[in-house]
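Working notes, structure below.
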Amino acid sequence: MSLIEFADFSFKYLGADSLALRKVDLKIEEGEYVVITGPSGCGKTTLCRAINGLVPQFHRGYIAGNVIVDGKNTRESSVAELAQIAGLVFQQPENQLVTLNVEREIAFGPENLGVAPEEVRRRVEELIDMLDLDHLRDKHPHEMSGGEQQRVAMAATLALKPKVLVADEPTSNLDPKSAEAILNLIAELNKRDMTVVLVEHRLDLVSKDASRVVLMDKGRLIADGAPRDVLTSDLCQEIGVGIPKATQLYKRLKKRGITLDTVPLTGAELAAIVQEVKRR
Ligand SMILES: Nc1ncnc2c1ncn2[C@@H]1O[C@H](COP(=O)(O)OP(=O)(O)OP(=O)(O)O)[C@@H](O)[C@H]1O
Ligand SMILES: [Mg+2]
């Protein structure tokens, strides 16, 4: 069985006119790194909420079909139970931070689940180290920058040791350097066997690490496949999703009758292909 399975799942928020998700079928296996992208309002955040049970447990509405996460139907499981399987880092991290300082924030989740105090301490120290939060220990979350809040929110989520990290545009408030740092960390976590579902627009930064890219439009999944396949399809342009510069160049060359051996996702990959062509 897949770790996450959407089966013909539709959802409409209470009071909304249209469906936020329409007949979504999606399977995610353990160890995958799935990037979800698509225009604003297409349902990406709703999809994330459906994985950790906030939809339909907290956000109520019309629901059809099922989402099964690690064998649990999200209609029947509590958010607390699901949070230990699928940890969600919210699009607006300040809404997620509930305590007065970084240590308390990271300890909050595991303490509430009854994890032993010494194990909580161990996780707090490990995450402070991993996310470079040492200098923020005593700071109130509301005195932090967006990037700092984002890292604290990520640490608090990881403290529950979830099987899947679901990160909803974790770089949207960040400068390019901090964004790259967070995305490198996510890639690293995936290499250490964590399943990742990431909502992200900066495909130039994440495509090289992702195992799959899923395109959404108007509540539907319109493409789902290997990054090199999805990013070269014309659907991206049709719905206004920006593809990496190197991939754009591949497409332009192809239109002029020049087909490179592989589809580059980064400048470095493109450079390697050009080197190879020069050598021949
Ligand atoms: N709490 C809510 N109540 C009612 N409608 C909502 C709620 N949250 C989202 N919606 C609606 O559901 C649809 C999908 O929204 P969602 O937030 O999932 O999109 P998104 O792809 O994450 O957009 P963005 O890129 O702007 O974050 C939109 O039409 C939105 O207005
Ligand atoms: Mg969103």
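As shown in the structure tokens, the chain order sets the letters A, B, ...; within each chain, residues go from 1, and ligands are also counted from 1 in the order they appear.
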Within 10 Å of ligand 2 (only C-alpha atoms and all ligand atoms), residues as a list of chain:residue names: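 Residues lying within 10 Å of ligand 2: A:Thr37, A:Gly38, A:Pro39, A:Ser40, A:Gly41, A:Cys42, A:Gly43, A:Lys44, A:Thr45, A:Thr46, A:Leu47, A:Cys48, A:Arg49, A:Phe90, A:Gln91, A:Gln92, A:Asp168, A:Glu169, A:Val199, A:Glu200.
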Please produce a file of those selected residues containing N, CA and C atoms, as a short mmCIF file (atom, residue, chain, number, x, y, z; two decimals), in the first residue's frame.
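What landed in selection-v2.cif:
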```cif
data_model
loop_
_atom_site.label_atom_id
_atom_site.label_comp_id
_atom_site.auth_asym_id
_atom_site.auth_seq_id
_atom_site.Cartn_x
_atom_site.Cartn_y
_atom_site.Cartn_z
N THR A 37 3.03 21.96 -7.83
CA THR A 37 3.06 23.34 -8.28
C THR A 37 1.84 23.65 -9.13
N GLY A 38 1.58 24.94 -9.30
CA GLY A 38 0.40 25.36 -10.07
C GLY A 38 0.02 26.77 -9.67
N PRO A 39 -0.89 27.41 -10.44
CA PRO A 39 -1.22 28.81 -10.18
C PRO A 39 -1.91 29.03 -8.83
N SER A 40 -1.91 30.28 -8.39
CA SER A 40 -2.53 30.63 -7.12
C SER A 40 -4.00 30.24 -7.12
N GLY A 41 -4.43 29.62 -6.02
CA GLY A 41 -5.84 29.22 -5.90
C GLY A 41 -6.16 27.87 -6.51
N CYS A 42 -5.16 27.15 -7.03
CA CYS A 42 -5.44 25.89 -7.71
C CYS A 42 -5.69 24.74 -6.74
N GLY A 43 -5.39 24.94 -5.45
CA GLY A 43 -5.70 23.89 -4.47
C GLY A 43 -4.50 23.25 -3.79
N LYS A 44 -3.32 23.84 -3.94
CA LYS A 44 -2.11 23.23 -3.37
C LYS A 44 -2.17 23.14 -1.84
N THR A 45 -2.55 24.27 -1.22
CA THR A 45 -2.63 24.27 0.25
C THR A 45 -3.71 23.30 0.72
N THR A 46 -4.82 23.26 0.01
CA THR A 46 -5.90 22.34 0.37
C THR A 46 -5.41 20.89 0.28
N LEU A 47 -4.62 20.59 -0.73
CA LEU A 47 -4.06 19.24 -0.86
C LEU A 47 -3.18 18.90 0.35
N CYS A 48 -2.36 19.86 0.77
CA CYS A 48 -1.50 19.65 1.96
C CYS A 48 -2.37 19.40 3.19
N ARG A 49 -3.40 20.23 3.35
CA ARG A 49 -4.30 20.07 4.51
C ARG A 49 -4.99 18.73 4.49
N PHE A 90 3.35 25.18 7.56
CA PHE A 90 2.34 26.03 6.93
C PHE A 90 2.95 27.09 6.02
N GLN A 91 2.10 27.58 5.12
CA GLN A 91 2.51 28.65 4.21
C GLN A 91 2.84 29.93 5.00
N GLN A 92 2.06 30.24 6.03
CA GLN A 92 2.35 31.40 6.89
C GLN A 92 2.81 30.88 8.25
N ASP A 168 4.47 23.64 2.75
CA ASP A 168 3.65 24.45 1.85
C ASP A 168 4.36 25.78 1.58
N GLU A 169 4.98 25.91 0.44
CA GLU A 169 5.74 27.11 0.05
C GLU A 169 6.63 27.62 1.19
N VAL A 199 5.26 22.07 -1.73
CA VAL A 199 4.63 23.01 -2.65
C VAL A 199 5.66 24.09 -2.92
N GLU A 200 5.97 24.31 -4.19
CA GLU A 200 7.07 25.23 -4.51
C GLU A 200 6.92 25.78 -5.93
#
```
List every residue of segment 30-244 of chain A that DSSP, applied to the backbone of this structure, places in strand (DSSP E), and write the result as a tab-separated table (two decimals) with all heavy atoms, in the first residue's frame.
```tsv
chain	number	residue	atom	x	y	z
A	33	TYR	N	10.06	12.23	-3.22
A	33	TYR	CA	10.14	13.68	-3.03
A	33	TYR	C	9.26	14.27	-4.13
A	33	TYR	O	9.66	14.32	-5.29
A	33	TYR	CB	11.59	14.11	-3.17
A	33	TYR	CG	11.87	15.60	-2.97
A	33	TYR	CD1	13.13	16.03	-2.62
A	33	TYR	CD2	10.89	16.57	-3.16
A	33	TYR	CE1	13.43	17.37	-2.43
A	33	TYR	CE2	11.16	17.91	-2.98
A	33	TYR	CZ	12.43	18.29	-2.62
A	33	TYR	OH	12.72	19.63	-2.45
A	34	VAL	N	8.06	14.68	-3.74
A	34	VAL	CA	7.08	15.13	-4.72
A	34	VAL	C	6.90	16.64	-4.62
A	34	VAL	O	6.60	17.16	-3.54
A	34	VAL	CB	5.72	14.43	-4.48
A	34	VAL	CG1	4.69	14.91	-5.51
A	34	VAL	CG2	5.88	12.92	-4.56
A	35	VAL	N	7.11	17.33	-5.72
A	35	VAL	CA	6.90	18.77	-5.77
A	35	VAL	C	5.54	19.04	-6.39
A	35	VAL	O	5.21	18.50	-7.45
A	35	VAL	CB	8.01	19.47	-6.59
A	35	VAL	CG1	7.64	20.91	-6.89
A	35	VAL	CG2	9.33	19.40	-5.84
A	36	ILE	N	4.74	19.85	-5.69
A	36	ILE	CA	3.41	20.23	-6.18
A	36	ILE	C	3.48	21.68	-6.62
A	36	ILE	O	3.94	22.54	-5.86
A	36	ILE	CB	2.35	20.15	-5.04
A	36	ILE	CG1	2.47	18.86	-4.25
A	36	ILE	CG2	0.96	20.42	-5.57
A	36	ILE	CD1	1.76	17.69	-4.80
A	37	THR	N	3.03	21.96	-7.83
A	37	THR	CA	3.06	23.34	-8.28
A	37	THR	C	1.84	23.65	-9.13
A	37	THR	O	1.14	22.74	-9.59
A	37	THR	CB	4.41	23.65	-8.99
A	37	THR	OG1	4.58	25.05	-9.09
A	37	THR	CG2	4.49	23.01	-10.35
A	61	GLY	N	-16.41	20.90	5.24
A	61	GLY	CA	-17.02	21.18	3.95
A	61	GLY	C	-17.55	19.92	3.31
A	61	GLY	O	-17.67	18.88	3.96
A	62	TYR	N	-17.87	20.04	2.02
A	62	TYR	CA	-18.35	18.88	1.25
A	62	TYR	C	-17.15	18.00	0.90
A	62	TYR	O	-16.10	18.49	0.50
A	62	TYR	CB	-19.04	19.37	-0.02
A	62	TYR	CG	-19.17	18.30	-1.07
A	62	TYR	CD1	-20.22	17.38	-1.03
A	62	TYR	CD2	-18.22	18.20	-2.10
A	62	TYR	CE1	-20.33	16.38	-1.98
A	62	TYR	CE2	-18.33	17.20	-3.05
A	62	TYR	CZ	-19.38	16.30	-2.99
A	62	TYR	OH	-19.47	15.32	-3.93
A	63	ILE	N	-17.32	16.72	1.05
A	63	ILE	CA	-16.20	15.82	0.79
A	63	ILE	C	-16.67	14.57	0.05
A	63	ILE	O	-17.74	14.05	0.34
A	63	ILE	CB	-15.49	15.51	2.14
A	63	ILE	CG1	-14.41	14.45	2.01
A	63	ILE	CG2	-16.44	15.08	3.21
A	63	ILE	CD1	-13.59	14.33	3.29
A	64	ALA	N	-15.89	14.15	-0.94
A	64	ALA	CA	-16.19	12.90	-1.64
A	64	ALA	C	-14.88	12.16	-1.86
A	64	ALA	O	-13.83	12.79	-1.98
A	64	ALA	CB	-16.86	13.19	-2.98
A	65	GLY	N	-14.92	10.85	-1.89
A	65	GLY	CA	-13.71	10.06	-2.03
A	65	GLY	C	-12.95	10.00	-0.72
A	65	GLY	O	-13.47	10.42	0.33
A	66	ASN	N	-11.72	9.48	-0.77
A	66	ASN	CA	-10.96	9.25	0.47
A	66	ASN	C	-9.49	9.62	0.33
A	66	ASN	O	-8.94	9.59	-0.77
A	66	ASN	CB	-11.04	7.77	0.86
A	66	ASN	CG	-12.44	7.38	1.32
A	66	ASN	OD1	-12.93	7.86	2.34
A	66	ASN	ND2	-13.09	6.55	0.53
A	67	VAL	N	-8.90	9.96	1.47
A	67	VAL	CA	-7.45	10.08	1.54
A	67	VAL	C	-6.98	9.11	2.62
A	67	VAL	O	-7.48	9.16	3.76
A	67	VAL	CB	-7.01	11.51	1.91
A	67	VAL	CG1	-5.48	11.60	1.96
A	67	VAL	CG2	-7.55	12.52	0.91
A	68	ILE	N	-6.08	8.22	2.24
A	68	ILE	CA	-5.56	7.24	3.19
A	68	ILE	C	-4.07	7.55	3.41
A	68	ILE	O	-3.31	7.60	2.45
A	68	ILE	CB	-5.69	5.79	2.64
A	68	ILE	CG1	-7.09	5.52	2.09
A	68	ILE	CG2	-5.29	4.77	3.70
A	68	ILE	CD1	-8.19	5.46	3.11
A	69	VAL	N	-3.69	7.78	4.65
A	69	VAL	CA	-2.30	8.11	4.97
A	69	VAL	C	-1.77	7.05	5.93
A	69	VAL	O	-2.30	6.90	7.04
A	69	VAL	CB	-2.21	9.52	5.59
A	69	VAL	CG1	-0.77	9.85	5.96
A	69	VAL	CG2	-2.74	10.57	4.61
A	72	LYS	N	-4.36	4.99	7.37
A	72	LYS	CA	-5.45	5.62	8.13
A	72	LYS	C	-6.28	6.51	7.21
A	72	LYS	O	-5.73	7.33	6.48
A	72	LYS	CB	-4.88	6.49	9.25
A	72	LYS	CG	-4.18	5.71	10.34
A	72	LYS	CD	-3.72	6.66	11.43
A	72	LYS	CE	-3.30	6.00	12.69
A	72	LYS	NZ	-2.42	4.85	12.62
A	73	ASN	N	-7.61	6.34	7.32
A	73	ASN	CA	-8.49	7.21	6.56
A	73	ASN	C	-8.60	8.56	7.29
A	73	ASN	O	-8.94	8.60	8.46
A	73	ASN	CB	-9.87	6.56	6.45
A	73	ASN	CG	-10.75	7.29	5.44
A	73	ASN	OD1	-10.73	8.51	5.37
A	73	ASN	ND2	-11.50	6.52	4.66
A	86	ALA	N	2.16	12.72	9.12
A	86	ALA	CA	2.41	13.77	8.13
A	86	ALA	C	2.54	15.10	8.84
A	86	ALA	O	1.57	15.65	9.35
A	86	ALA	CB	1.26	13.81	7.12
A	87	GLY	N	3.76	15.64	8.87
A	87	GLY	CA	4.01	16.92	9.53
A	87	GLY	C	3.91	18.04	8.51
A	87	GLY	O	4.59	18.03	7.50
A	88	LEU	N	3.05	19.01	8.79
A	88	LEU	CA	2.83	20.10	7.84
A	88	LEU	C	3.50	21.38	8.31
A	88	LEU	O	3.29	21.83	9.44
A	88	LEU	CB	1.31	20.33	7.70
A	88	LEU	CG	0.84	21.50	6.83
A	88	LEU	CD1	1.35	21.38	5.39
A	88	LEU	CD2	-0.70	21.56	6.81
A	89	VAL	N	4.33	21.96	7.45
A	89	VAL	CA	4.86	23.30	7.68
A	89	VAL	C	4.00	24.25	6.87
A	89	VAL	O	3.91	24.13	5.65
A	89	VAL	CB	6.34	23.42	7.25
A	89	VAL	CG1	6.85	24.82	7.50
A	89	VAL	CG2	7.18	22.41	8.00
A	164	VAL	N	6.29	11.74	6.84
A	164	VAL	CA	6.25	12.61	5.67
A	164	VAL	C	6.36	14.05	6.12
A	164	VAL	O	5.65	14.46	7.04
A	164	VAL	CB	4.87	12.53	4.94
A	164	VAL	CG1	4.98	13.14	3.56
A	164	VAL	CG2	4.32	11.16	4.92
A	165	LEU	N	7.22	14.80	5.45
A	165	LEU	CA	7.24	16.25	5.66
A	165	LEU	C	6.44	16.88	4.54
A	165	LEU	O	6.73	16.68	3.36
A	165	LEU	CB	8.69	16.75	5.62
A	165	LEU	CG	8.84	18.27	5.72
A	165	LEU	CD1	8.41	18.79	7.08
A	165	LEU	CD2	10.27	18.69	5.43
A	166	VAL	N	5.39	17.62	4.91
A	166	VAL	CA	4.59	18.33	3.93
A	166	VAL	C	4.89	19.81	4.14
A	166	VAL	O	4.57	20.37	5.19
A	166	VAL	CB	3.08	18.07	4.13
A	166	VAL	CG1	2.27	18.76	3.05
A	166	VAL	CG2	2.79	16.57	4.15
A	167	ALA	N	5.55	20.43	3.18
A	167	ALA	CA	5.96	21.83	3.34
A	167	ALA	C	5.27	22.68	2.27
A	167	ALA	O	5.44	22.46	1.08
A	167	ALA	CB	7.48	21.95	3.24
A	168	ASP	N	4.47	23.64	2.75
A	168	ASP	CA	3.65	24.45	1.85
A	168	ASP	C	4.36	25.78	1.58
A	168	ASP	O	4.34	26.68	2.42
A	168	ASP	CB	2.29	24.69	2.51
A	168	ASP	CG	1.29	25.34	1.57
A	168	ASP	OD1	1.63	25.57	0.40
A	168	ASP	OD2	0.15	25.60	2.01
A	195	THR	N	10.05	10.98	3.47
A	195	THR	CA	9.20	11.28	2.32
A	195	THR	C	8.88	12.77	2.36
A	195	THR	O	8.62	13.31	3.43
A	195	THR	CB	7.90	10.45	2.41
A	195	THR	OG1	8.25	9.09	2.62
A	195	THR	CG2	7.07	10.59	1.15
A	196	VAL	N	8.92	13.42	1.20
A	196	VAL	CA	8.70	14.87	1.16
A	196	VAL	C	7.62	15.22	0.14
A	196	VAL	O	7.62	14.73	-0.98
A	196	VAL	CB	10.01	15.61	0.78
A	196	VAL	CG1	9.75	17.09	0.54
A	196	VAL	CG2	11.08	15.42	1.85
A	197	VAL	N	6.68	16.05	0.59
A	197	VAL	CA	5.72	16.67	-0.33
A	197	VAL	C	5.94	18.17	-0.18
A	197	VAL	O	5.77	18.71	0.91
A	197	VAL	CB	4.27	16.30	0.02
A	197	VAL	CG1	3.30	17.01	-0.93
A	197	VAL	CG2	4.06	14.79	-0.04
A	198	LEU	N	6.36	18.81	-1.26
A	198	LEU	CA	6.74	20.22	-1.19
A	198	LEU	C	5.95	21.03	-2.21
A	198	LEU	O	5.96	20.72	-3.40
A	198	LEU	CB	8.24	20.34	-1.49
A	198	LEU	CG	8.79	21.76	-1.65
A	198	LEU	CD1	8.81	22.49	-0.32
A	198	LEU	CD2	10.20	21.72	-2.24
A	199	VAL	N	5.26	22.07	-1.73
A	199	VAL	CA	4.63	23.01	-2.65
A	199	VAL	C	5.66	24.09	-2.92
A	199	VAL	O	6.18	24.71	-1.99
A	199	VAL	CB	3.36	23.65	-2.04
A	199	VAL	CG1	2.78	24.70	-2.98
A	199	VAL	CG2	2.32	22.57	-1.74
A	212	ARG	N	9.39	13.47	-8.40
A	212	ARG	CA	8.20	13.72	-9.22
A	212	ARG	C	7.76	15.16	-9.13
A	212	ARG	O	7.97	15.80	-8.11
A	212	ARG	CB	7.03	12.89	-8.69
A	212	ARG	CG	6.79	11.61	-9.43
A	212	ARG	CD	6.03	10.70	-8.53
A	212	ARG	NE	4.61	10.94	-8.57
A	212	ARG	CZ	3.76	10.42	-7.68
A	212	ARG	NH1	4.19	9.69	-6.69
A	212	ARG	NH2	2.48	10.65	-7.80
A	213	VAL	N	7.14	15.64	-10.19
A	213	VAL	CA	6.50	16.95	-10.17
A	213	VAL	C	5.03	16.75	-10.51
A	213	VAL	O	4.69	16.04	-11.47
A	213	VAL	CB	7.15	17.92	-11.18
A	213	VAL	CG1	6.35	19.22	-11.27
A	213	VAL	CG2	8.59	18.23	-10.78
A	214	VAL	N	4.16	17.34	-9.69
A	214	VAL	CA	2.72	17.26	-9.93
A	214	VAL	C	2.23	18.68	-10.24
A	214	VAL	O	2.48	19.61	-9.49
A	214	VAL	CB	1.99	16.72	-8.67
A	214	VAL	CG1	0.48	16.86	-8.82
A	214	VAL	CG2	2.38	15.27	-8.42
A	215	LEU	N	1.55	18.83	-11.39
A	215	LEU	CA	0.99	20.13	-11.77
A	215	LEU	C	-0.48	20.14	-11.44
A	215	LEU	O	-1.20	19.18	-11.76
A	215	LEU	CB	1.09	20.33	-13.28
A	215	LEU	CG	2.37	20.73	-13.95
A	215	LEU	CD1	2.06	21.07	-15.42
A	215	LEU	CD2	2.99	21.91	-13.26
A	216	MET	N	-0.93	21.24	-10.82
A	216	MET	CA	-2.35	21.38	-10.51
A	216	MET	C	-2.92	22.60	-11.21
A	216	MET	O	-2.22	23.59	-11.42
A	216	MET	CB	-2.57	21.55	-9.00
A	216	MET	CG	-2.24	20.32	-8.20
A	216	MET	SD	-2.60	20.56	-6.45
A	216	MET	CE	-4.40	20.65	-6.48
A	217	ASP	N	-4.19	22.52	-11.55
A	217	ASP	CA	-4.91	23.68	-12.08
A	217	ASP	C	-6.38	23.53	-11.73
A	217	ASP	O	-6.96	22.47	-11.95
A	217	ASP	CB	-4.71	23.75	-13.61
A	217	ASP	CG	-5.20	25.06	-14.19
A	217	ASP	OD1	-5.12	26.09	-13.49
A	217	ASP	OD2	-5.67	25.06	-15.34
A	220	ARG	N	-7.65	20.39	-9.98
A	220	ARG	CA	-7.34	19.08	-10.58
A	220	ARG	C	-5.84	18.87	-10.68
A	220	ARG	O	-5.08	19.82	-10.82
A	220	ARG	CB	-7.87	19.01	-12.01
A	220	ARG	CG	-9.34	18.99	-12.15
A	220	ARG	CD	-9.70	18.93	-13.64
A	220	ARG	NE	-11.02	19.49	-13.87
A	220	ARG	CZ	-12.13	18.83	-13.59
A	220	ARG	NH1	-12.09	17.60	-13.15
A	220	ARG	NH2	-13.30	19.40	-13.79
A	221	LEU	N	-5.44	17.59	-10.73
A	221	LEU	CA	-4.07	17.27	-11.10
A	221	LEU	C	-4.04	17.16	-12.61
A	221	LEU	O	-4.81	16.39	-13.19
A	221	LEU	CB	-3.63	15.92	-10.51
A	221	LEU	CG	-3.74	15.69	-9.01
A	221	LEU	CD1	-2.86	14.50	-8.61
A	221	LEU	CD2	-3.33	16.92	-8.22
A	222	ILE	N	-3.19	17.94	-13.26
A	222	ILE	CA	-3.18	17.90	-14.72
A	222	ILE	C	-1.92	17.24	-15.28
A	222	ILE	O	-1.86	16.93	-16.45
A	222	ILE	CB	-3.40	19.29	-15.35
A	222	ILE	CG1	-2.32	20.28	-14.91
A	222	ILE	CG2	-4.79	19.84	-14.99
A	222	ILE	CD1	-2.31	21.53	-15.75
A	223	ALA	N	-0.91	17.06	-14.44
A	223	ALA	CA	0.27	16.30	-14.88
A	223	ALA	C	0.95	15.75	-13.64
A	223	ALA	O	0.90	16.36	-12.57
A	223	ALA	CB	1.23	17.18	-15.66
A	224	ASP	N	1.57	14.60	-13.77
A	224	ASP	CA	2.21	13.94	-12.65
A	224	ASP	C	3.26	13.01	-13.24
A	224	ASP	O	2.94	12.06	-13.95
A	224	ASP	CB	1.14	13.14	-11.88
A	224	ASP	CG	1.75	12.31	-10.73
A	224	ASP	OD1	2.97	12.36	-10.53
A	224	ASP	OD2	0.95	11.63	-10.06
A	225	GLY	N	4.53	13.32	-13.01
A	225	GLY	CA	5.56	12.46	-13.57
A	225	GLY	C	6.96	12.92	-13.19
A	225	GLY	O	7.13	13.79	-12.33
```
For segment 141-149 of chain A, please output as a PyMOL selection string all residues within 9 Å (counting only C-alpha atoms; exclusion window: fewer than 4 positions along the same chain). chain A and resi 92-94+97-102+105+133+136+153-154+170-171+173-175+178-179+182
For those residues, write N, CA, C and O atoms to a file as a short mmCIF file (atom, residue, chain, number, x, y, z; two decimals), in the first residue's frame.
```
data_model
loop_
_atom_site.label_atom_id
_atom_site.label_comp_id
_atom_site.auth_asym_id
_atom_site.auth_seq_id
_atom_site.Cartn_x
_atom_site.Cartn_y
_atom_site.Cartn_z
N GLN A 92 2.06 30.24 6.03
CA GLN A 92 2.35 31.40 6.89
C GLN A 92 2.81 30.88 8.25
O GLN A 92 1.98 30.60 9.10
N PRO A 93 4.13 30.77 8.46
CA PRO A 93 4.59 30.10 9.67
C PRO A 93 4.15 30.80 10.95
O PRO A 93 4.00 30.16 11.98
N GLU A 94 3.94 32.14 10.92
CA GLU A 94 3.58 32.82 12.18
C GLU A 94 2.27 32.28 12.74
O GLU A 94 2.06 32.29 13.95
N LEU A 97 3.18 29.20 15.05
CA LEU A 97 4.03 29.30 16.25
C LEU A 97 3.16 29.69 17.44
O LEU A 97 2.44 30.67 17.40
N VAL A 98 3.24 28.89 18.49
CA VAL A 98 2.28 29.05 19.58
C VAL A 98 2.90 29.41 20.92
O VAL A 98 2.21 29.79 21.84
N THR A 99 4.21 29.28 21.07
CA THR A 99 4.81 29.47 22.39
C THR A 99 5.72 30.69 22.41
O THR A 99 5.76 31.47 21.45
N LEU A 100 6.49 30.84 23.48
CA LEU A 100 7.23 32.08 23.71
C LEU A 100 8.68 32.04 23.26
O LEU A 100 9.30 33.07 23.10
N ASN A 101 9.24 30.86 23.12
CA ASN A 101 10.61 30.83 22.60
C ASN A 101 10.88 29.53 21.83
O ASN A 101 10.06 28.61 21.82
N VAL A 102 12.04 29.53 21.20
CA VAL A 102 12.37 28.47 20.26
C VAL A 102 12.37 27.08 20.93
O VAL A 102 11.80 26.13 20.40
N GLU A 105 8.95 25.99 21.70
CA GLU A 105 8.20 25.73 20.46
C GLU A 105 8.51 24.33 19.92
O GLU A 105 7.61 23.60 19.51
N LEU A 133 19.58 27.24 14.86
CA LEU A 133 18.70 28.10 15.64
C LEU A 133 19.31 28.52 16.97
O LEU A 133 18.65 29.17 17.77
N LEU A 136 18.94 31.91 18.36
CA LEU A 136 17.56 32.40 18.52
C LEU A 136 16.88 31.81 19.75
O LEU A 136 15.72 32.11 20.02
N ALA A 153 9.42 26.79 12.60
CA ALA A 153 8.22 26.01 12.29
C ALA A 153 8.62 24.63 11.76
O ALA A 153 8.02 23.61 12.10
N MET A 154 9.65 24.61 10.94
CA MET A 154 10.14 23.34 10.39
C MET A 154 10.67 22.45 11.52
O MET A 154 10.37 21.26 11.58
N PRO A 170 7.54 26.78 1.67
CA PRO A 170 8.36 27.20 2.80
C PRO A 170 9.33 28.32 2.47
O PRO A 170 9.93 28.89 3.36
N THR A 171 9.47 28.65 1.20
CA THR A 171 10.44 29.69 0.84
C THR A 171 9.78 30.99 0.42
O THR A 171 10.47 31.92 0.01
N ASN A 173 8.57 33.54 1.92
CA ASN A 173 8.96 34.81 2.58
C ASN A 173 10.46 34.99 2.65
O ASN A 173 10.94 35.82 3.40
N LEU A 174 11.20 34.19 1.93
CA LEU A 174 12.65 34.18 2.14
C LEU A 174 13.44 34.81 1.01
O LEU A 174 13.04 34.78 -0.14
N ASP A 175 14.60 35.36 1.37
CA ASP A 175 15.53 35.83 0.35
C ASP A 175 16.15 34.61 -0.32
O ASP A 175 16.09 33.50 0.22
N SER A 178 18.48 32.25 1.89
CA SER A 178 17.78 31.47 2.91
C SER A 178 16.89 30.41 2.25
O SER A 178 16.73 29.31 2.78
N ALA A 179 16.30 30.77 1.10
CA ALA A 179 15.43 29.82 0.40
C ALA A 179 16.24 28.59 0.00
O ALA A 179 15.83 27.45 0.21
N ILE A 182 17.00 26.33 3.04
CA ILE A 182 15.85 25.51 3.44
C ILE A 182 15.64 24.36 2.44
O ILE A 182 15.42 23.21 2.83
#
```
Quick one: distance from atom CA of Pro244 of chain A to atom CA of Ile4 of chain A in Å, one decimal? 27.9 Å
Which polymer residues have any atom within 7 Å of an atom of Lys23 of chain A, counting only C-alpha atoms, with same-chain residues fewer than 4 positions away left out, as a PyMOL selection string? chain A and resi 8-10+220
Enumerate the residues of segment 93-245 of chain A with a DSSP assignment of alpha helix (DSSP H), computed from the backbone, and present them as an MDAnalysis selection string. chainID A and resid 102:112 117:130 146:158 176:191 203:206 227:232 235:239 245
Please provide the set of residues having any atom within 12 Å of Glu119 of chain A, restricted to only C-alpha atoms, with same-chain residues fewer than 5 positions apart removed, written as a PDB file with C-alpha atoms, in the first residue's frame.
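Below is the file that was written, selection-v3.pdb:
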```
ATOM      1  CA  ALA A 107       9.336  20.789  22.625  1.00  0.00           C
ATOM      2  CA  PRO A 110       6.362  15.950  21.513  1.00  0.00           C
ATOM      3  CA  GLU A 111       5.528  16.990  25.102  1.00  0.00           C
ATOM      4  CA  LEU A 113       2.172  13.538  22.851  1.00  0.00           C
ATOM      5  CA  GLY A 114       3.722  12.338  26.098  1.00  0.00           C
ATOM      6  CA  VAL A 124      15.227  19.895  20.722  1.00  0.00           C
ATOM      7  CA  GLU A 125      19.039  20.029  20.724  1.00  0.00           C
ATOM      8  CA  GLU A 126      19.322  18.000  17.531  1.00  0.00           C
ATOM      9  CA  ALA A 159      10.182  17.223  16.414  1.00  0.00           C
ATOM     10  CA  LEU A 160       7.171  14.922  16.026  1.00  0.00           C
ATOM     11  CA  LYS A 161       9.286  12.618  13.847  1.00  0.00           C
TER      12      LYS A 161
END
```
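Near Asp204 of chain A, within a cut-off of 8 Å and counting only C-alpha atoms, sit the residues A:Arg202, A:Val206, A:Ser207, A:Lys208, A:Ile243, A:Pro244, A:Lys245, A:Leu265, A:Thr266, with same-chain residues fewer than 2 positions away left out.
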